[in-house]
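So this block is input.txt, compact mmCIF, C-alpha atoms:
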```txt
# COMPACT_ATOMS: atom_id res chain seq x y z
CA MET F 1 1.71 -0.17 -13.60
CA ILE F 2 3.89 -1.67 -16.33
CA LYS F 3 3.11 0.09 -19.59
CA SER F 4 3.59 -1.52 -22.98
CA LYS F 5 5.81 0.46 -25.34
CA THR F 6 3.82 -0.86 -28.29
CA ALA F 7 0.18 -1.53 -29.08
CA GLY F 8 0.71 -5.24 -28.49
CA PRO F 9 1.09 -7.36 -25.34
CA THR F 10 3.21 -6.25 -22.41
CA ARG F 11 6.58 -7.97 -22.82
CA ILE F 12 8.38 -9.02 -19.64
CA GLY F 13 11.84 -10.52 -19.38
CA PHE F 14 12.96 -12.79 -16.55
CA LEU F 15 16.69 -12.60 -15.93
CA LEU F 16 17.71 -15.94 -14.41
CA ILE F 17 20.68 -15.89 -12.05
CA PRO F 18 22.32 -19.29 -11.28
CA ASP F 19 20.70 -21.03 -8.31
CA PHE F 20 17.51 -18.98 -8.80
CA SER F 21 14.42 -19.99 -6.84
CA MET F 22 12.11 -21.91 -9.17
CA LEU F 23 9.15 -21.31 -6.85
CA ALA F 24 9.65 -17.54 -6.87
CA PHE F 25 10.21 -17.49 -10.66
CA THR F 26 7.10 -19.47 -11.53
CA SER F 27 5.03 -17.55 -8.96
CA ALA F 28 5.77 -14.42 -11.01
CA LEU F 29 5.30 -16.04 -14.42
CA GLU F 30 2.18 -18.20 -13.96
CA PRO F 31 -0.25 -15.33 -13.25
CA LEU F 32 0.74 -13.83 -16.62
CA ARG F 33 -0.03 -17.09 -18.39
CA MET F 34 -3.36 -17.43 -16.63
CA ALA F 35 -4.26 -13.81 -17.43
CA ASN F 36 -3.87 -14.62 -21.12
CA GLN F 37 -5.84 -17.85 -20.79
CA LEU F 38 -8.80 -16.39 -18.92
CA SER F 39 -9.02 -13.17 -20.91
CA GLY F 40 -8.73 -14.94 -24.24
CA GLU F 41 -6.23 -12.28 -25.28
CA PRO F 42 -2.42 -12.12 -25.39
CA LEU F 43 -2.13 -9.55 -22.62
CA TYR F 44 1.43 -10.58 -21.76
CA GLU F 45 4.47 -12.08 -23.42
CA TRP F 46 7.56 -13.27 -21.56
CA ILE F 47 11.08 -14.41 -22.30
CA THR F 48 13.93 -15.77 -20.21
CA VAL F 49 17.33 -14.07 -20.25
CA GLY F 50 20.75 -15.23 -19.05
CA GLY F 51 24.18 -13.70 -18.78
CA THR F 52 24.99 -15.98 -21.72
CA ARG F 53 22.98 -18.50 -23.74
CA GLU F 54 24.29 -21.36 -21.59
CA ALA F 55 21.82 -23.40 -19.51
CA ILE F 56 21.15 -22.11 -15.98
CA ASP F 57 20.50 -24.33 -12.96
CA ALA F 58 17.75 -23.44 -10.51
CA SER F 59 18.32 -24.13 -6.83
CA ASN F 60 16.25 -27.33 -7.16
CA GLY F 61 18.57 -28.66 -9.89
CA ILE F 62 16.20 -28.11 -12.83
CA THR F 63 18.00 -26.55 -15.80
CA ILE F 64 16.59 -23.87 -18.08
CA THR F 65 18.24 -22.67 -21.30
CA PRO F 66 17.45 -18.94 -21.63
CA ASP F 67 15.77 -17.60 -24.74
CA TYR F 68 18.27 -14.76 -25.01
CA SER F 69 21.51 -13.53 -23.51
CA ILE F 70 22.06 -10.00 -22.23
CA GLN F 71 23.86 -9.27 -25.52
CA ASP F 72 20.91 -9.99 -27.82
CA VAL F 73 17.78 -9.45 -25.73
CA PRO F 74 14.94 -7.72 -27.63
CA GLN F 75 13.02 -4.68 -26.44
CA LEU F 76 11.23 -5.23 -23.13
CA ASP F 77 8.63 -3.36 -21.13
CA ALA F 78 9.99 -4.69 -17.85
CA LEU F 79 12.74 -6.95 -16.55
CA PHE F 80 12.50 -9.06 -13.40
CA VAL F 81 15.65 -10.48 -11.81
CA CYS F 82 15.14 -14.00 -10.44
CA SER F 83 17.71 -15.35 -8.02
CA GLY F 84 18.02 -17.37 -4.85
CA ASN F 85 20.90 -19.07 -3.07
CA GLN F 86 24.32 -17.43 -2.81
CA ILE F 87 23.34 -14.38 -4.87
CA GLN F 88 26.52 -12.58 -3.75
CA HIS F 89 28.61 -15.20 -5.53
CA ASN F 90 26.32 -15.87 -8.51
CA ILE F 91 25.85 -12.33 -9.86
CA ASP F 92 28.71 -11.34 -12.16
CA ASN F 93 30.01 -7.94 -13.22
CA ASP F 94 28.68 -8.13 -16.79
CA VAL F 95 25.13 -8.77 -15.60
CA THR F 96 25.41 -6.03 -12.97
CA ALA F 97 26.62 -3.54 -15.58
CA TRP F 98 23.77 -4.51 -17.92
CA ILE F 99 21.15 -3.98 -15.22
CA ARG F 100 22.72 -0.60 -14.40
CA SER F 101 22.47 0.43 -18.05
CA LEU F 102 18.78 -0.54 -18.13
CA SER F 103 18.05 1.52 -15.03
CA LYS F 104 19.51 4.59 -16.75
CA ARG F 105 17.07 4.11 -19.65
CA ASP F 106 14.06 4.47 -17.35
CA MET F 107 13.32 0.76 -17.67
CA THR F 108 10.79 -0.81 -15.30
CA LEU F 109 12.81 -3.23 -13.16
CA GLY F 110 11.71 -5.86 -10.71
CA ALA F 111 13.08 -8.62 -8.53
CA VAL F 112 11.88 -11.78 -6.85
CA CYS F 113 13.45 -13.41 -3.81
CA THR F 114 17.08 -12.23 -3.59
CA GLY F 115 16.95 -10.48 -6.97
CA THR F 116 16.69 -7.26 -4.97
CA TYR F 117 20.37 -7.70 -4.13
CA ALA F 118 21.23 -7.65 -7.84
CA LEU F 119 19.24 -4.44 -8.38
CA ALA F 120 20.90 -2.83 -5.37
CA LYS F 121 24.34 -3.89 -6.59
CA ALA F 122 23.55 -2.19 -9.91
CA ASP F 123 22.50 1.05 -8.14
CA ALA F 124 19.00 0.58 -9.54
CA LEU F 125 17.12 1.08 -6.27
CA GLU F 126 18.37 4.46 -5.10
CA GLY F 127 15.40 6.54 -3.96
CA HIS F 128 13.00 3.59 -4.06
CA ARG F 129 11.47 1.48 -1.32
CA CYS F 130 12.27 -2.19 -1.73
CA THR F 131 12.04 -5.53 0.03
CA ILE F 132 13.84 -8.87 0.01
CA HIS F 133 13.40 -12.33 1.49
CA TRP F 134 13.45 -12.07 5.30
CA GLU F 135 16.47 -14.37 5.56
CA ASN F 136 18.55 -11.87 3.56
CA MET F 137 17.19 -8.69 5.10
CA ALA F 138 19.88 -8.18 7.75
CA SER F 139 22.76 -8.67 5.32
CA ALA F 140 21.14 -6.41 2.70
CA ARG F 141 20.76 -3.62 5.26
CA GLU F 142 24.41 -4.01 6.26
CA GLU F 143 25.68 -3.91 2.67
CA PHE F 144 23.32 -1.21 1.39
CA PRO F 145 22.74 1.07 4.40
CA ASN F 146 21.32 3.91 2.30
CA LEU F 147 18.47 1.84 0.89
CA VAL F 148 15.00 1.79 2.41
CA ILE F 149 14.44 -1.97 2.82
CA SER F 150 11.02 -2.81 4.22
CA PRO F 151 9.79 -6.08 5.73
CA GLU F 152 6.75 -6.12 3.43
CA LEU F 153 5.79 -9.02 1.16
CA PHE F 154 6.40 -6.80 -1.86
CA GLU F 155 7.02 -3.17 -2.77
CA ILE F 156 5.91 -1.32 -5.92
CA ASP F 157 7.53 2.09 -6.09
CA GLU F 158 7.77 4.17 -9.28
CA GLY F 159 8.98 1.59 -11.73
CA ARG F 160 10.60 -0.73 -9.20
CA TYR F 161 8.90 -3.99 -8.25
CA THR F 162 10.53 -6.07 -5.50
CA SER F 163 9.18 -9.04 -3.62
CA ALA F 164 10.23 -11.58 -1.04
CA GLY F 165 10.76 -15.21 -1.93
CA GLY F 166 8.38 -18.15 -1.98
CA ILE F 167 4.97 -17.26 -3.38
CA ALA F 168 5.15 -13.53 -2.58
CA PRO F 169 5.77 -12.73 -6.30
CA LEU F 170 2.34 -14.21 -7.03
CA ASP F 171 0.69 -11.55 -4.89
CA MET F 172 2.80 -8.79 -6.43
CA ILE F 173 1.95 -9.77 -10.00
CA LEU F 174 -1.73 -10.21 -9.13
CA HIS F 175 -1.73 -6.65 -7.81
CA GLU F 176 -0.22 -5.52 -11.12
CA ILE F 177 -2.85 -7.43 -13.12
CA ARG F 178 -5.65 -6.03 -10.95
CA ASN F 179 -4.38 -2.46 -11.38
CA THR F 180 -3.95 -2.86 -15.14
CA HIS F 181 -6.78 -5.16 -16.23
CA GLY F 182 -9.28 -5.04 -13.37
CA SER F 183 -10.19 -6.90 -10.21
CA ASP F 184 -12.45 -9.41 -12.00
CA LEU F 185 -9.53 -10.89 -13.92
CA ALA F 186 -7.27 -10.92 -10.87
CA SER F 187 -9.96 -12.64 -8.78
CA ALA F 188 -10.55 -15.22 -11.51
CA ILE F 189 -6.84 -16.06 -11.48
CA THR F 190 -6.85 -16.60 -7.72
CA GLU F 191 -9.79 -18.98 -8.15
CA GLN F 192 -7.93 -20.94 -10.81
CA PHE F 193 -4.89 -21.18 -8.53
CA MET F 194 -7.10 -22.04 -5.53
CA CYS F 195 -5.78 -19.07 -3.55
CA ASP F 196 -8.17 -17.82 -0.92
CA ARG F 197 -7.21 -14.19 -1.53
CA ILE F 198 -4.63 -11.79 -2.93
CA ARG F 199 -2.40 -10.94 -0.01
CA ASP F 200 -1.71 -7.29 0.68
CA LYS F 201 1.87 -6.02 0.82
CA HIS F 202 1.51 -5.58 4.58
CA ASP F 203 0.91 -9.28 5.21
CA ARG F 204 3.84 -10.73 7.13
CA GLN F 205 6.71 -12.50 5.39
CA ARG F 206 7.10 -14.89 8.32
CA VAL F 207 4.50 -16.85 10.26
CA PRO F 208 3.82 -14.77 13.39
CA LEU F 209 4.83 -16.36 16.67
CA THR F 210 1.22 -16.05 17.84
CA GLN F 211 0.18 -18.55 15.16
CA ARG F 212 2.68 -21.08 16.50
CA ILE F 213 1.97 -20.69 20.22
CA GLY F 214 -1.61 -19.37 20.13
CA THR F 215 -3.02 -15.90 20.58
CA ASN F 216 -3.49 -16.29 24.33
CA GLN F 217 0.19 -15.62 25.10
CA PRO F 218 0.66 -11.95 24.16
CA LYS F 219 3.33 -11.42 26.84
CA LEU F 220 5.54 -14.11 25.34
CA ALA F 221 5.07 -12.74 21.82
CA GLU F 222 5.97 -9.26 23.10
CA ALA F 223 9.11 -10.57 24.80
CA VAL F 224 10.26 -12.34 21.62
CA SER F 225 9.59 -9.20 19.56
CA LEU F 226 11.75 -7.19 21.97
CA MET F 227 14.54 -9.73 21.58
CA GLU F 228 14.35 -9.59 17.79
CA ALA F 229 14.46 -5.78 17.87
CA ASN F 230 17.49 -5.66 20.18
CA ILE F 231 20.13 -7.91 18.65
CA GLU F 232 23.11 -5.55 18.66
CA GLU F 233 22.55 -4.45 22.27
CA PRO F 234 20.83 -7.39 23.99
CA MET F 235 18.44 -6.65 26.81
CA THR F 236 18.85 -8.33 30.20
CA LEU F 237 16.22 -10.70 31.47
CA ASP F 238 15.29 -8.14 34.12
CA GLU F 239 14.76 -5.49 31.42
CA LEU F 240 12.61 -7.86 29.36
CA SER F 241 10.56 -8.76 32.42
CA PHE F 242 10.02 -5.11 33.25
CA HIS F 243 8.90 -4.16 29.73
CA VAL F 244 6.39 -7.02 29.41
CA GLY F 245 5.13 -6.64 32.98
CA LEU F 246 6.07 -10.10 34.28
CA SER F 247 8.47 -11.41 36.87
CA ARG F 248 11.61 -13.24 35.77
CA ARG F 249 10.16 -16.48 37.03
CA GLN F 250 6.91 -16.02 35.11
CA LEU F 251 8.80 -15.20 31.91
CA GLU F 252 11.07 -18.22 32.29
CA ARG F 253 8.05 -20.50 32.74
CA LEU F 254 6.44 -19.15 29.55
CA TYR F 255 9.56 -19.74 27.48
CA GLN F 256 10.04 -23.22 28.93
CA ARG F 257 6.43 -24.24 28.31
CA TYR F 258 5.90 -22.84 24.81
CA LEU F 259 9.41 -22.62 23.32
CA GLN F 260 11.08 -25.47 25.25
CA CYS F 261 14.07 -23.43 26.37
CA VAL F 262 15.03 -20.72 28.83
CA PRO F 263 14.86 -17.06 27.65
CA THR F 264 18.64 -16.60 27.64
CA ARG F 265 19.13 -19.60 25.36
CA TYR F 266 16.40 -18.46 22.98
CA TYR F 267 17.97 -14.99 22.84
CA LEU F 268 21.43 -16.43 22.20
CA GLU F 269 20.18 -18.57 19.33
CA LEU F 270 18.38 -15.59 17.78
CA ARG F 271 21.65 -13.64 17.82
CA LEU F 272 23.65 -16.58 16.47
CA GLU F 273 21.17 -17.11 13.64
CA ARG F 274 21.50 -13.44 12.69
CA ALA F 275 25.29 -13.80 12.87
CA ARG F 276 25.17 -16.82 10.56
CA GLN F 277 23.15 -14.89 8.00
CA LEU F 278 25.72 -12.06 8.04
CA LEU F 279 28.59 -14.53 7.91
CA LEU F 280 27.31 -16.34 4.83
CA GLN F 281 25.72 -13.41 3.00
CA THR F 282 28.24 -10.58 3.51
CA SER F 283 31.97 -10.02 3.58
CA MET F 284 31.86 -8.27 6.97
CA PRO F 285 34.84 -9.04 9.21
CA ILE F 286 34.01 -11.60 11.87
CA VAL F 287 34.74 -9.17 14.67
CA ASP F 288 32.22 -6.71 13.20
CA ILE F 289 29.62 -9.48 12.94
CA ALA F 290 30.25 -10.36 16.57
CA LEU F 291 29.67 -6.77 17.68
CA ALA F 292 26.61 -6.37 15.43
CA CYS F 293 25.04 -9.40 17.12
CA GLY F 294 25.72 -8.37 20.70
CA PHE F 295 28.86 -10.35 21.54
CA ILE F 296 31.51 -8.67 23.65
CA SER F 297 34.46 -10.17 21.75
CA ALA F 298 35.31 -12.29 18.72
CA PRO F 299 36.63 -15.22 20.83
CA HIS F 300 33.40 -15.34 22.84
CA PHE F 301 31.37 -15.21 19.65
CA SER F 302 33.46 -17.99 18.07
CA LYS F 303 32.99 -20.26 21.08
CA CYS F 304 29.21 -19.76 21.14
CA TYR F 305 29.01 -20.23 17.39
CA ARG F 306 31.04 -23.46 17.49
CA ASP F 307 28.98 -24.84 20.35
CA THR F 308 25.76 -24.24 18.41
CA PHE F 309 26.69 -24.96 14.78
CA GLY F 310 29.55 -27.41 15.24
CA LEU F 311 32.37 -25.36 13.74
CA PRO F 312 33.86 -21.88 14.26
CA PRO F 313 32.61 -18.98 12.12
CA ARG F 314 35.84 -18.71 10.13
CA ASP F 315 35.58 -22.36 9.06
CA GLU F 316 31.86 -21.93 8.29
CA ARG F 317 32.64 -19.08 5.92
CA ARG F 318 35.51 -20.99 4.27
CA ARG F 319 33.38 -24.08 3.83
CA ALA F 320 30.56 -22.07 2.24
CA ALA F 321 33.00 -20.34 -0.13
CA GLY F 322 34.55 -23.69 -1.01
CA GLN F 323 31.17 -25.23 -1.75
CA VAL F 324 30.30 -22.37 -4.06
CA GLU F 325 33.54 -22.78 -6.01
CA ALA F 326 33.17 -26.57 -6.08
CA SER F 327 29.58 -26.24 -7.28
CA LYS F 328 30.66 -23.93 -10.11
CA ALA F 329 33.42 -26.34 -11.08
CA ALA F 330 31.02 -29.29 -11.00
CA LYS F 331 28.57 -27.48 -13.26
CA LYS F 332 31.36 -26.55 -15.65
CA ASN F 333 32.45 -30.18 -15.82
CA GLY F 334 28.94 -31.53 -16.12
CA GLY F 335 28.77 -32.76 -12.54
CA SER F 336 25.92 -32.53 -10.09
CA ASN F 337 25.32 -29.72 -7.64
CA LEU F 338 26.60 -29.85 -4.08
CA ARG F 339 24.25 -29.56 -1.15
CA ARG F 340 23.35 -25.93 -0.43
CA THR F 341 24.07 -24.44 2.96
CA THR F 342 21.12 -22.05 2.86
CA VAL F 343 17.59 -22.26 1.55
CA CYS F 344 15.67 -19.41 -0.10
CA SER F 345 12.04 -20.27 0.39
CA ALA F 346 8.82 -19.01 1.84
CA SER F 347 9.83 -20.05 5.36
CA ALA F 348 12.72 -21.37 7.40
CA PRO F 349 13.10 -22.80 10.89
CA SER F 350 13.35 -20.37 13.74
CA ALA F 351 16.63 -19.98 15.55
CA ALA F 352 15.23 -21.98 18.45
CA SER F 353 14.49 -24.99 16.25
CA ALA F 354 17.28 -24.78 13.70
CA PRO F 355 19.48 -27.90 13.78
CA PRO F 356 23.24 -27.48 14.16
CA ALA F 357 25.18 -27.38 10.91
CA ALA F 358 26.79 -30.68 9.96
```
Please re-express this file's structure in structure tokens.
Amino acid sequence: MIKSKTAGPTRIGFLLIPDFSMLAFTSALEPLRMANQLSGEPLYEWITVGGTREAIDASNGITITPDYSIQDVPQLDALFVCSGNQIQHNIDNDVTAWIRSLSKRDMTLGAVCTGTYALAKADALEGHRCTIHWENMASAREEFPNLVISPELFEIDEGRYTSAGGIAPLDMILHEIRNTHGSDLASAITEQFMCDRIRDKHDRQRVPLTQRIGTNQPKLAEAVSLMEANIEEPMTLDELSFHVGLSRRQLERLYQRYLQCVPTRYYLELRLERARQLLLQTSMPIVDIALACGFISAPHFSKCYRDTFGLPPRDERRRAAGQVEASKAAKKNGGSNLRRTTVCSASAPSAASAPPAA
């Protein structure tokens, strides 16, 4: 649990990274406010922190001026990094160095949504289990291969608190409140927020396929799980059929009826969606991305990618980089934000239903 260094309230700082997820940020903050309100005591205090004192845009366009900069922040009991879209481009060296210095002081550190990336970049997660939003999981594992990155909703491990995006931080902070101030207070907060329960860390980040197609199709769910687990070395349709105990024809009928496509197309789109995540979230060479997603060559990968998303992977990466730079320039000049190419939220469309990029 987070321990106060003084006799007063526990003081928590929220480090806001440009394009941070407002939903994830407020999901972490609001339980603290409600804990104070219901207990009638100032159990928690919180402040916002920025790399500078300049206003910071959330991914929804709302602007927040931080209370402090990293140069003048007061003593804290814990710091949570809040980020979202394009974290690789929005975290700067000064902020990374500051987080690294805090980790060396035995500071309790946490992250919501893609904030885990910032902690990993600052070498603050070595020896700790952590998690991150499912959309960023593949790229995080590629960039930080030595980290133990779990698919859980949140992880609390010896002074390190990490959670996925969306409302997962709410569950993480409610667990902290329950452990520190008792289950009665935590339960009262869930009632105020009209939550049916505090989710456990083992609850899934993504909606299980069985909830979309029904629980009476376990063979189809098993086949999709095998596909998702074998991206780098794709299985053949015969192998899939053998492992799930169905004939090719039976498997094809299941995919066509419940997922509206043939198994090979579904598998291809799963691999292409993984490739797109790596393309936009890492600096991996395109040929390495192609091999990591089961394509025999870069030209074959480029053709499949262009056919699905409307442009080749090299142009996709250049366009994303250009939008990031243009967005930064627009903010500097007082202009509006450009449309984002990715969304950090509680859910996203599956590869089978994702529309082609414009």
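Proximity of F:Pro169, F:Gly51, F:Gly8, F:Pro18 to F:Glu30, computed with all atoms listed in the file, is greatest for F:Pro169.
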Ranking F:Glu152, F:Asp67, F:Glu191, F:Asp106 by minimum distance to F:Ile47 and counting all atoms listed in the file, which one comes first?
F:Asp67
Step by step: start from the point (3.5, -10.2, -20.6) in the file's coordinates, keep every protein, DNA or RNA residue that has an atom no farther than 12 Å from it, count only C-alpha atoms, and write the set as a ChimeraX atom specification.
/F:2-5,8-14,28-36,41-48,76-80,173,176-177,180
Spatial neighbours of F:Ser163, 7 Å, all atoms listed in the file, chain gap at least 4 places, as a ChimeraX atom specification
/F:111-113,131-132,153-155,168-169,172
Write to file, as a compact mmCIF listing (two decimals), in the coordinates of the input, the residues of the selection just made, with C-alpha atoms.
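Written output follows (selection-v1.txt):
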```txt
# COMPACT_ATOMS: atom_id res chain seq x y z
CA ALA F 111 13.08 -8.62 -8.53
CA VAL F 112 11.88 -11.78 -6.85
CA CYS F 113 13.45 -13.41 -3.81
CA THR F 131 12.04 -5.53 0.03
CA ILE F 132 13.84 -8.87 0.01
CA LEU F 153 5.79 -9.02 1.16
CA PHE F 154 6.40 -6.80 -1.86
CA GLU F 155 7.02 -3.17 -2.77
CA ALA F 168 5.15 -13.53 -2.58
CA PRO F 169 5.77 -12.73 -6.30
CA MET F 172 2.80 -8.79 -6.43
```
Residues near stretch 257-265 of chain F, cut-off 9 Å, all atoms listed in the file, skip fewer than 4 positions along chain, as a CSV table (one decimal) with C-alpha atoms, in the frame of the given file:
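Saved file around_25.csv follows:
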```
chain,number,residue,atom,x,y,z
F,213,ILE,CA,2.0,-20.7,20.2
F,220,LEU,CA,5.5,-14.1,25.3
F,224,VAL,CA,10.3,-12.3,21.6
F,236,THR,CA,18.8,-8.3,30.2
F,237,LEU,CA,16.2,-10.7,31.5
F,251,LEU,CA,8.8,-15.2,31.9
F,252,GLU,CA,11.1,-18.2,32.3
F,253,ARG,CA,8.0,-20.5,32.7
F,269,GLU,CA,20.2,-18.6,19.3
F,270,LEU,CA,18.4,-15.6,17.8
F,352,ALA,CA,15.2,-22.0,18.4
```
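Between F:Ile87 and the candidates F:Asp307, F:Asp19, F:Asp57, F:Asp203, the tightest atom-to-atom separation, counting only C-alpha atoms, involves F:Asp19.
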Which residues come within 12 Å of stretch 313-315 of chain F, counting only C-alpha atoms, excluding same-chain residues fewer than 5 positions away, as an NGL selection string?
:F and (272-273 or 275-280 or 283-287 or 289-290 or 298-308 or 320-322 or 357)
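Nearest to F:Ile149 of all the residues F:Gln75, F:Thr96, F:Thr116, F:Gln88 is F:Thr116, counting only C-alpha atoms.
Among F:Glu126, F:Asp171, F:Asp184, F:Glu54, the residue with the shortest atom-to-atom distance to F:Arg199, counting all atoms listed in the file, is F:Asp171.
Comparing the minimum interatomic distances between F:Phe144 and each of F:Cys82, F:Ala229, F:Tyr117, F:Ile17, counting only C-alpha atoms, we find that F:Tyr117 sits nearest.
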Using all atoms listed in the file, determine which residues lie at most 8 Å from F:Ser59, disregarding the query and same-chain residues fewer than 3 positions distant; provide the list as a PyMOL selection string.
chain F and resi 18-22+62+84-85
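Of note, atom CA of F:Met194 and atom CA of F:Trp134 are spaced 25.3 Å apart.
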One decimal place gives the atom CA of F:Met1-atom CA of F:Gly159 separation as 7.7 Å
Residues near stretch 291-295 of chain F, anyone? I mean within 6 Å using only C-alpha atoms, not counting same-chain ones fewer than 5 positions away, as a VMD selection string.
chain F and resid 231 to 234 271 301
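The gap separating atom CA of F:Arg274 from atom CA of F:Met227 is 11.9 Å, in Å to one decimal.
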